[in-house]
file protein-v9.txt (compact mmCIF, C-alpha atoms and all ligand atoms)
# COMPACT_ATOMS: atom_id res chain seq x y z
CA ARG U 1 -33.88 -7.97 -15.99
CA ASP U 2 -33.47 -6.45 -12.58
CA ARG U 3 -31.91 -3.05 -11.97
CA VAL U 4 -31.15 -3.70 -8.30
CA VAL U 5 -27.70 -5.24 -7.79
CA PRO U 6 -26.71 -6.64 -4.38
CA ALA U 7 -23.47 -5.03 -3.25
CA TYR U 8 -20.96 -4.91 -0.41
CA ALA U 9 -18.85 -2.13 1.04
CA SER U 10 -15.14 -2.02 0.44
CA GLY U 11 -12.65 0.78 0.65
CA LEU U 12 -9.11 -0.29 -0.27
CA ASP U 13 -8.57 0.78 3.32
CA GLY U 14 -5.12 -0.58 4.09
CA PRO U 15 -3.47 2.81 4.64
CA LEU U 16 -6.29 4.25 6.77
CA THR U 17 -5.94 4.92 10.47
CA ASP U 18 -8.55 3.39 12.75
CA GLU U 19 -10.32 6.75 12.93
CA GLU U 20 -10.36 7.09 9.15
CA LEU U 21 -11.57 3.51 8.74
CA ALA U 22 -14.39 4.11 11.22
CA ALA U 23 -15.40 7.31 9.41
CA LEU U 24 -15.36 5.55 6.01
CA GLN U 25 -17.40 2.60 7.21
CA THR U 26 -19.85 4.90 8.98
CA ARG U 27 -20.62 6.38 5.56
CA PHE U 28 -21.11 2.90 4.07
CA ALA U 29 -23.28 1.78 7.00
CA ASP U 30 -25.43 4.89 6.65
CA ARG U 31 -26.06 3.97 3.01
CA GLY U 32 -27.57 0.66 4.03
CA PHE U 33 -24.75 -1.79 3.36
CA THR U 34 -24.86 -5.02 5.36
CA ALA U 35 -21.58 -6.61 4.26
CA VAL U 36 -18.09 -5.13 4.31
CA LYS U 37 -14.60 -6.16 3.25
CA ILE U 38 -11.35 -4.78 4.62
CA LYS U 39 -7.70 -5.22 3.68
CA GLY U 40 -5.34 -7.10 5.94
CA GLY U 41 -3.06 -10.05 6.25
CA LEU U 42 0.22 -8.72 7.58
CA ASP U 43 -0.61 -8.16 11.25
CA VAL U 44 -3.08 -10.47 12.92
CA GLU U 45 -3.65 -8.20 15.90
CA ALA U 46 -4.32 -5.22 13.66
CA ASP U 47 -6.73 -7.32 11.58
CA LEU U 48 -8.59 -8.38 14.72
CA ARG U 49 -8.82 -4.83 15.98
CA ARG U 50 -9.99 -3.43 12.63
CA LEU U 51 -12.56 -6.19 12.05
CA HIS U 52 -14.07 -5.58 15.48
CA LEU U 53 -13.97 -1.83 14.88
CA VAL U 54 -15.88 -2.17 11.60
CA SER U 55 -18.34 -4.60 13.15
CA ASP U 56 -18.99 -2.14 15.99
CA VAL U 57 -19.47 0.76 13.57
CA PHE U 58 -22.12 -1.15 11.63
CA HIS U 59 -23.77 -2.38 14.79
CA ASP U 60 -23.97 1.15 16.17
CA ARG U 61 -25.34 2.63 12.94
CA THR U 62 -27.64 -0.17 11.79
CA GLY U 63 -28.37 -2.25 14.86
CA ALA U 64 -26.81 -5.35 13.35
CA ALA U 65 -23.31 -6.65 12.76
CA PRO U 66 -22.31 -6.87 9.08
CA ALA U 67 -21.05 -9.84 7.14
CA LEU U 68 -17.27 -9.43 7.34
CA MET U 69 -14.70 -10.27 4.69
CA LEU U 70 -10.91 -9.95 4.79
CA ASP U 71 -8.74 -9.49 1.70
CA ALA U 72 -5.21 -10.79 2.28
CA ASN U 73 -3.93 -10.00 -1.22
CA GLU U 74 -1.77 -13.15 -1.28
CA SER U 75 0.09 -12.21 1.90
CA TRP U 76 0.45 -15.67 3.34
CA SER U 77 2.03 -19.02 2.90
CA ARG U 78 -0.40 -21.91 3.28
CA LYS U 79 0.24 -22.53 6.96
CA GLU U 80 0.39 -18.84 7.78
CA ALA U 81 -3.04 -18.50 6.21
CA VAL U 82 -4.51 -21.28 8.32
CA ARG U 83 -2.87 -19.94 11.48
CA HIS U 84 -3.83 -16.31 10.86
CA ILE U 85 -7.43 -17.03 9.87
CA GLY U 86 -7.79 -19.46 12.77
CA ARG U 87 -6.73 -16.73 15.16
CA LEU U 88 -9.27 -14.32 13.68
CA GLU U 89 -12.02 -16.92 13.79
CA GLU U 90 -11.62 -17.25 17.54
CA SER U 91 -13.71 -14.09 17.83
CA VAL U 92 -14.76 -13.00 14.33
CA ASP U 93 -17.22 -14.68 12.01
CA LEU U 94 -15.67 -14.20 8.57
CA ALA U 95 -17.89 -14.65 5.53
CA TRP U 96 -14.87 -14.99 3.27
CA VAL U 97 -11.14 -14.59 3.18
CA GLU U 98 -9.83 -13.33 -0.15
CA GLU U 99 -6.65 -14.47 -1.90
CA PRO U 100 -5.17 -16.08 1.23
CA VAL U 101 -2.31 -17.56 -0.83
CA ARG U 102 -0.99 -17.04 -4.33
CA ARG U 103 -3.60 -17.04 -7.08
CA TRP U 104 -2.30 -20.15 -8.81
CA ASP U 105 -1.79 -22.31 -5.70
CA VAL U 106 -4.48 -24.94 -6.22
CA ASP U 107 -3.29 -27.18 -3.39
CA GLY U 108 -2.81 -24.24 -1.04
CA LEU U 109 -6.23 -22.73 -1.66
CA THR U 110 -7.82 -26.16 -1.23
CA ARG U 111 -5.93 -26.67 2.02
CA VAL U 112 -7.02 -23.29 3.37
CA SER U 113 -10.64 -23.81 2.37
CA GLN U 114 -10.72 -27.15 4.16
CA SER U 115 -8.95 -25.81 7.26
CA VAL U 116 -10.94 -22.68 8.12
CA ARG U 117 -14.62 -21.87 8.55
CA ALA U 118 -14.57 -18.87 6.22
CA ALA U 119 -15.14 -19.28 2.52
CA VAL U 120 -12.12 -18.82 0.26
CA ALA U 121 -12.67 -16.16 -2.40
CA THR U 122 -10.28 -15.77 -5.30
CA GLY U 123 -10.08 -15.14 -9.03
CA GLU U 124 -9.69 -11.37 -9.52
CA ASN U 125 -6.22 -11.89 -10.96
CA LEU U 126 -7.10 -14.82 -13.24
CA THR U 127 -7.65 -13.99 -16.88
CA GLY U 128 -9.10 -17.02 -18.61
CA LEU U 129 -11.28 -20.07 -17.99
CA GLU U 130 -8.20 -22.29 -18.30
CA GLN U 131 -6.90 -20.58 -15.16
CA PHE U 132 -10.17 -20.99 -13.23
CA ARG U 133 -10.85 -24.61 -14.20
CA PRO U 134 -8.14 -26.30 -12.11
CA LEU U 135 -9.22 -24.33 -9.03
CA LEU U 136 -12.86 -25.26 -9.42
CA GLN U 137 -12.10 -28.90 -10.17
CA ALA U 138 -10.07 -29.11 -6.96
CA ASN U 139 -12.70 -27.40 -4.76
CA ALA U 140 -10.09 -24.73 -4.12
CA VAL U 141 -12.50 -21.79 -4.24
CA ASP U 142 -15.83 -21.14 -2.54
CA VAL U 143 -16.60 -17.68 -3.96
CA VAL U 144 -15.48 -17.18 -7.57
CA GLN U 145 -14.33 -13.62 -8.21
CA THR U 146 -13.69 -11.79 -11.44
CA GLY U 147 -11.64 -8.67 -11.99
CA SER U 148 -13.85 -6.09 -13.68
CA VAL U 149 -10.94 -4.90 -15.80
CA TRP U 150 -11.10 -8.20 -17.71
CA GLY U 151 -14.47 -7.22 -19.11
CA ILE U 152 -18.07 -8.31 -19.46
CA SER U 153 -17.46 -11.36 -21.66
CA HIS U 154 -14.94 -12.64 -19.15
CA PHE U 155 -17.41 -12.15 -16.31
CA LEU U 156 -20.19 -13.98 -18.16
CA ARG U 157 -17.92 -16.91 -19.05
CA VAL U 158 -16.59 -17.26 -15.50
CA ALA U 159 -20.11 -16.96 -14.06
CA ALA U 160 -21.28 -19.82 -16.29
CA LEU U 161 -18.32 -21.97 -15.32
CA ALA U 162 -18.92 -21.24 -11.63
CA LEU U 163 -22.60 -22.09 -12.05
CA ALA U 164 -21.65 -25.49 -13.40
CA PHE U 165 -19.84 -26.09 -10.10
CA ASP U 166 -22.72 -24.70 -7.98
CA LEU U 167 -20.57 -21.74 -6.94
CA PRO U 168 -21.46 -18.05 -6.59
CA VAL U 169 -19.67 -15.35 -8.55
CA SER U 170 -18.72 -11.90 -7.27
CA PRO U 171 -17.15 -9.12 -9.35
CA VAL U 172 -14.21 -7.30 -7.82
CA GLY U 173 -14.84 -3.73 -8.88
CA TYR U 174 -13.88 -0.19 -9.01
CA ASN U 175 -16.48 2.46 -8.52
CA ALA U 176 -18.63 3.01 -11.59
CA ASN U 177 -18.49 -0.74 -11.91
CA PRO U 178 -18.80 -1.78 -15.55
CA ILE U 179 -19.94 -5.31 -14.63
CA ALA U 180 -23.05 -4.23 -12.74
CA HIS U 181 -25.44 -4.74 -15.65
CA ALA U 182 -24.00 -8.14 -16.48
CA ALA U 183 -24.33 -9.15 -12.83
CA THR U 184 -28.10 -8.82 -13.09
CA VAL U 185 -28.39 -11.49 -15.78
CA VAL U 186 -26.49 -14.37 -14.18
CA PRO U 187 -28.33 -16.59 -11.71
CA ASN U 188 -25.35 -17.08 -9.39
CA HIS U 189 -24.33 -13.48 -8.75
CA LEU U 190 -23.56 -13.05 -5.05
CA SER U 191 -22.56 -9.44 -4.43
CA LEU U 192 -20.82 -6.59 -6.20
CA GLU U 193 -17.86 -4.77 -4.66
CA VAL U 194 -18.48 -1.04 -4.18
CA GLN U 195 -15.17 0.68 -3.50
CA ASP U 196 -16.34 4.28 -3.30
CA LEU U 197 -19.60 6.08 -2.70
CA HIS U 198 -18.63 8.71 -5.25
CA LEU U 199 -17.97 8.36 -8.96
CA PRO U 200 -14.45 8.91 -10.28
CA PHE U 201 -13.55 12.35 -11.56
CA GLY U 202 -14.84 12.88 -15.08
CA ILE U 203 -17.51 10.18 -14.98
CA GLU U 204 -21.23 10.75 -14.61
CA SER U 205 -23.92 8.14 -14.20
CA ASP U 206 -27.54 7.78 -13.20
CA GLN U 207 -26.73 4.78 -11.06
CA GLU U 208 -27.63 5.16 -7.40
CA ILE U 209 -26.65 3.44 -4.20
CA GLU U 210 -29.76 2.68 -2.21
CA ASP U 211 -30.14 0.53 0.85
CA GLY U 212 -26.83 -1.21 0.29
CA HIS U 213 -27.58 -2.01 -3.34
CA LEU U 214 -26.49 -0.50 -6.63
CA VAL U 215 -29.55 0.61 -8.57
CA LEU U 216 -29.03 0.88 -12.32
CA GLY U 217 -30.45 3.85 -14.20
CA ASP U 218 -31.89 4.38 -17.66
CA LEU U 219 -28.86 5.71 -19.51
CA PRO U 220 -27.95 3.46 -22.47
CA GLY U 221 -25.01 1.08 -22.47
CA LEU U 222 -23.19 0.91 -19.17
CA GLY U 223 -24.91 4.08 -18.05
CA LEU U 224 -21.60 5.89 -17.74
CA VAL U 225 -20.79 9.22 -19.37
CA VAL U 226 -17.10 10.07 -19.65
CA ASP U 227 -16.19 13.76 -19.74
CA GLU U 228 -12.96 13.45 -21.69
CA ALA U 229 -12.43 17.20 -21.88
CA ALA U 230 -12.58 17.54 -18.11
CA ILE U 231 -10.14 14.68 -17.65
CA GLU U 232 -7.72 16.13 -20.21
CA HIS U 233 -8.05 19.53 -18.63
CA MET U 234 -7.13 18.10 -15.26
CA ASN U 235 -3.77 17.11 -16.77
CA GLN U 236 -2.67 15.32 -13.65
CA ALA U 237 -0.64 12.15 -13.88
CA ALA U 238 -1.52 9.26 -11.62
CA ASP U 239 1.18 6.90 -10.47
CA TRP U 240 -0.30 3.76 -11.99
CA GLY U 241 2.41 3.69 -14.60
CA ARG U 242 5.15 3.80 -12.03
CA HIS U 243 7.25 0.67 -11.93
CA GLY U 244 6.31 -1.49 -8.98
CA GLY U 245 3.01 -0.06 -8.04
CA PRO U 246 0.70 0.85 -6.51
CA HIS U 247 -1.24 -1.92 -8.25
CA VAL U 248 1.55 -4.49 -8.38
CA ARG U 249 1.84 -7.15 -5.70
CA PRO U 250 4.98 -7.01 -3.57
CA GLU U 251 7.68 -9.34 -4.82
CA ARG U 252 7.61 -10.96 -1.38
CA ALA U 253 3.88 -11.75 -1.47
CA GLY U 254 3.40 -15.13 0.17
CA ARG U 255 7.03 -15.15 1.35
CA ARG U 256 6.87 -12.86 4.36
CA LEU U 257 6.77 -13.87 7.98
CA VAL U 258 3.67 -12.28 9.44
CA ARG U 259 3.09 -11.26 13.02
CA LYS U 260 2.12 -14.08 15.31
CA PRO U 261 -0.58 -13.82 17.95
CA PRO U 262 0.77 -13.10 21.43
CA LEU U 263 1.86 -16.08 23.53
CA HIS U 264 -0.39 -14.92 26.33
CA PRO U 265 -3.59 -13.53 24.81
CA ARG U 266 -4.75 -10.30 26.30
CA PRO U 267 -7.97 -10.37 28.33
CA GLN U 268 -10.99 -10.35 26.09
CA GLY U 269 -12.84 -7.08 25.66
CA PRO U 270 -16.59 -6.90 25.25
CA ALA U 271 -18.04 -9.93 23.53
CA PRO U 272 -18.00 -9.51 19.74
CA ARG U 273 -21.38 -8.83 18.26
MG MG U 301 -8.98 -8.38 -3.71
call {"tool": "encode", "arguments": {"input": "protein-v9.txt", "output": "structure tokens"}}
result
Amino acid sequence: RDRVVPAYASGLDGPLTDEELAALQTRFADRGFTAVKIKGGLDVEADLRRLHLVSDVFHDRTGAAPALMLDANESWSRKEAVRHIGRLEESVDLAWVEEPVRRWDVDGLTRVSQSVRAAVATGENLTGLEQFRPLLQANAVDVVQTGSVWGISHFLRVAALALAFDLPVSPVGYNANPIAHAATVVPNHLSLEVQDLHLPFGIESDQEIEDGHLVLGDLPGLGLVVDEAAIEHMNQAADWGRHGGPHVRPERAGRRLVRKPPLHPRPQGPAPR
């Protein structure tokens, strides 16, 4: 009913240097995005530095600080999450923190949500309503997320369940997001993750990114055209089938000691904007 889909910038940016992160987020800022999510969770000082860096990039390019989100990918124990987020919130206004503890930890997610100012976002790794229900019943989640790989029906079901709990829903996506059309027909859609400003190799679409939104085109179906011949011709194996990654969580997720803030905080730099 509406071809304009609210979206936020994201880059799976964990491996990027500060310079690369700034360059990436400059491109997102120049395309009109006003909200951005980065990866973090293992080093509180690095997270602080990178969040301020991204905020400064957006401020310089757009004149306003963005809404900031941090994806911890289940890095923390419950208390580590509260401690780490608390440290960040001394100088950063976080819109949400994503997967602060393990995906199934109802008590832990509830504890984190009640202990920090940021919203708790989670759900990309849950695959059925029976997995979402206990979290929603316990007020363990503030932003309900769905993994796009679980499909359109899954997204619509989870969106309806979230709506019944007065919660927003946000699809975690890959570029050429297949949930974008479905997102336009649910009343509680919050924002769609855009992980790349370019389409994947072998995929064409008439979707556009304009002013920080995804604008759907007129092609039928999902509006995606797959060039199978080009992909076959490329004949290049990715490493997604490799045991242990890159898409698999570390075995030690949630069971690692993360860097503590310094005992004597360094002098504050310029006031965060
Ligand atoms: Mg995530």
call {"tool": "closest_residue", "arguments": {"input": "protein-v9.txt", "among": "U:Glu74, U:Asp105, U:Glu210, U:Asp196", "to": "ligand MG 301 (chain U)", "atoms": "all atoms listed in the file"}}
result
U:Glu74
call {"tool": "residues_around", "arguments": {"input": "protein-v9.txt", "residues": "Arg117 of chain U", "least_positions_apart": "4", "cutoff": "10 Å", "atoms": "all atoms listed in the file", "output": "list in words"}}
result
Ile85, Gly86, Glu89, Asp93, Leu94, Ala95, Trp96, Val97, Val112 and Ser113 of chain U
call {"tool": "closest_residue", "arguments": {"input": "protein-v9.txt", "among": "U:Val149, U:Ala22, U:Leu12, U:Leu224", "to": "ligand MG 301 (chain U)", "atoms": "all atoms listed in the file"}}
result
U:Leu12
call {"tool": "residues_near_ligand", "arguments": {"input": "protein-v9.txt", "ligand": "ligand MG 301 (chain U)", "cutoff": "8 Å", "atoms": "all atoms listed in the file", "output": "list of chain:residue names"}}
result
U:Asp71, U:Ala72, U:Asn73, U:Glu98, U:Glu99, U:Thr122, U:Glu124, U:Val172
call {"tool": "closest_residue", "arguments": {"input": "protein-v9.txt", "among": "U:Gly202, U:Ile179, U:Pro134, U:Asn139", "to": "Ser153 of chain U", "atoms": "all atoms listed in the file"}}
result
U:Ile179
call {"tool": "decode", "arguments": {"input": "protein-v9.txt", "residues": "segment 147-261 of chain U", "atoms": "C-alpha atoms", "output": "compact mmCIF listing (two decimals), in the first residue's frame"}}
result
# COMPACT_ATOMS: atom_id res chain seq x y z
CA GLY U 147 15.52 -12.84 10.26
CA SER U 148 14.65 -12.33 6.60
CA VAL U 149 15.91 -15.80 5.75
CA TRP U 150 12.90 -17.25 7.62
CA GLY U 151 10.59 -15.81 5.00
CA ILE U 152 7.58 -13.60 4.46
CA SER U 153 5.02 -15.77 6.28
CA HIS U 154 7.28 -15.84 9.31
CA PHE U 155 7.63 -12.06 9.24
CA LEU U 156 3.86 -11.53 8.97
CA ARG U 157 3.14 -13.94 11.83
CA VAL U 158 5.75 -12.38 14.11
CA ALA U 159 4.56 -8.86 13.22
CA ALA U 160 1.01 -9.79 14.22
CA LEU U 161 2.18 -11.32 17.48
CA ALA U 162 4.28 -8.24 18.24
CA LEU U 163 1.32 -6.00 17.44
CA ALA U 164 -0.74 -7.84 20.04
CA PHE U 165 1.89 -6.81 22.59
CA ASP U 166 2.09 -3.20 21.31
CA LEU U 167 5.63 -3.79 20.07
CA PRO U 168 7.32 -2.69 16.84
CA VAL U 169 8.82 -5.17 14.40
CA SER U 170 12.04 -4.72 12.42
CA PRO U 171 13.38 -7.13 9.79
CA VAL U 172 17.05 -8.00 9.98
CA GLY U 173 18.04 -8.09 6.35
CA TYR U 174 20.52 -8.63 3.70
CA ASN U 175 20.68 -6.30 0.77
CA ALA U 176 17.93 -6.93 -1.77
CA ASN U 177 15.76 -7.48 1.26
CA PRO U 178 12.95 -9.91 0.46
CA ILE U 179 10.81 -8.67 3.37
CA ALA U 180 10.55 -5.08 2.16
CA HIS U 181 7.17 -5.49 0.48
CA ALA U 182 5.71 -7.30 3.48
CA ALA U 183 6.99 -4.54 5.75
CA THR U 184 4.71 -2.06 4.02
CA VAL U 185 1.55 -3.93 4.98
CA VAL U 186 2.01 -4.31 8.73
CA PRO U 187 1.04 -1.39 10.97
CA ASN U 188 3.91 -1.88 13.44
CA HIS U 189 6.88 -1.93 11.09
CA LEU U 190 9.67 0.18 12.60
CA SER U 191 12.64 0.14 10.22
CA LEU U 192 14.30 -2.16 7.72
CA GLU U 193 17.98 -3.04 7.93
CA VAL U 194 19.94 -2.03 4.82
CA GLN U 195 23.31 -3.77 4.87
CA ASP U 196 24.69 -2.59 1.54
CA LEU U 197 24.03 0.24 -0.86
CA HIS U 198 24.65 -2.09 -3.78
CA LEU U 199 22.78 -5.20 -4.84
CA PRO U 200 24.51 -8.58 -4.60
CA PHE U 201 26.25 -9.91 -7.68
CA GLY U 202 23.78 -11.46 -10.09
CA ILE U 203 20.69 -9.68 -8.76
CA GLU U 204 18.94 -6.77 -10.41
CA SER U 205 16.06 -4.75 -9.04
CA ASP U 206 14.20 -1.52 -9.61
CA GLN U 207 14.23 -0.75 -5.91
CA GLU U 208 15.94 2.50 -4.98
CA ILE U 209 17.40 3.97 -1.84
CA GLU U 210 16.18 7.52 -1.47
CA ASP U 211 16.47 9.83 1.48
CA GLY U 212 17.23 6.99 3.88
CA HIS U 213 14.28 4.90 2.72
CA LEU U 214 13.95 1.90 0.45
CA VAL U 215 11.59 2.74 -2.40
CA LEU U 216 9.95 -0.27 -4.04
CA GLY U 217 9.67 -0.42 -7.81
CA ASP U 218 7.14 -1.83 -10.25
CA LEU U 219 8.70 -5.19 -11.06
CA PRO U 220 6.36 -8.06 -10.13
CA GLY U 221 6.83 -10.27 -7.10
CA LEU U 222 9.71 -9.22 -4.90
CA GLY U 223 11.05 -7.03 -7.67
CA LEU U 224 14.26 -9.02 -7.85
CA VAL U 225 15.68 -10.54 -11.02
CA VAL U 226 18.26 -13.29 -10.53
CA ASP U 227 20.82 -13.76 -13.30
CA GLU U 228 21.53 -17.43 -12.71
CA ALA U 229 23.83 -17.71 -15.72
CA ALA U 230 26.04 -14.91 -14.44
CA ILE U 231 26.22 -16.48 -11.00
CA GLU U 232 27.07 -19.90 -12.43
CA HIS U 233 29.64 -18.34 -14.69
CA MET U 234 31.30 -16.69 -11.73
CA ASN U 235 31.98 -20.18 -10.36
CA GLN U 236 33.40 -18.85 -7.14
CA ALA U 237 32.77 -20.64 -3.88
CA ALA U 238 31.89 -18.59 -0.83
CA ASP U 239 32.89 -19.82 2.59
CA TRP U 240 29.38 -20.05 4.01
CA GLY U 241 29.54 -23.82 3.92
CA ARG U 242 32.74 -23.91 5.92
CA HIS U 243 32.34 -25.51 9.31
CA GLY U 244 32.22 -22.89 12.03
CA GLY U 245 31.52 -19.82 10.06
CA PRO U 246 31.46 -17.05 9.13
CA HIS U 247 27.76 -17.09 9.99
CA VAL U 248 27.97 -19.30 13.07
CA ARG U 249 28.18 -17.76 16.52
CA PRO U 250 31.38 -18.46 18.45
CA GLU U 251 31.05 -21.38 20.81
CA ARG U 252 32.04 -19.00 23.60
CA ALA U 253 29.26 -16.48 22.88
CA GLY U 254 28.01 -15.19 26.21
CA ARG U 255 30.89 -16.91 28.03
CA ARG U 256 33.75 -14.53 27.37
CA LEU U 257 35.16 -11.95 29.71
CA VAL U 258 34.97 -8.64 27.91
CA ARG U 259 37.18 -5.63 28.38
CA LYS U 260 36.30 -3.51 31.35
CA PRO U 261 36.27 0.28 31.30
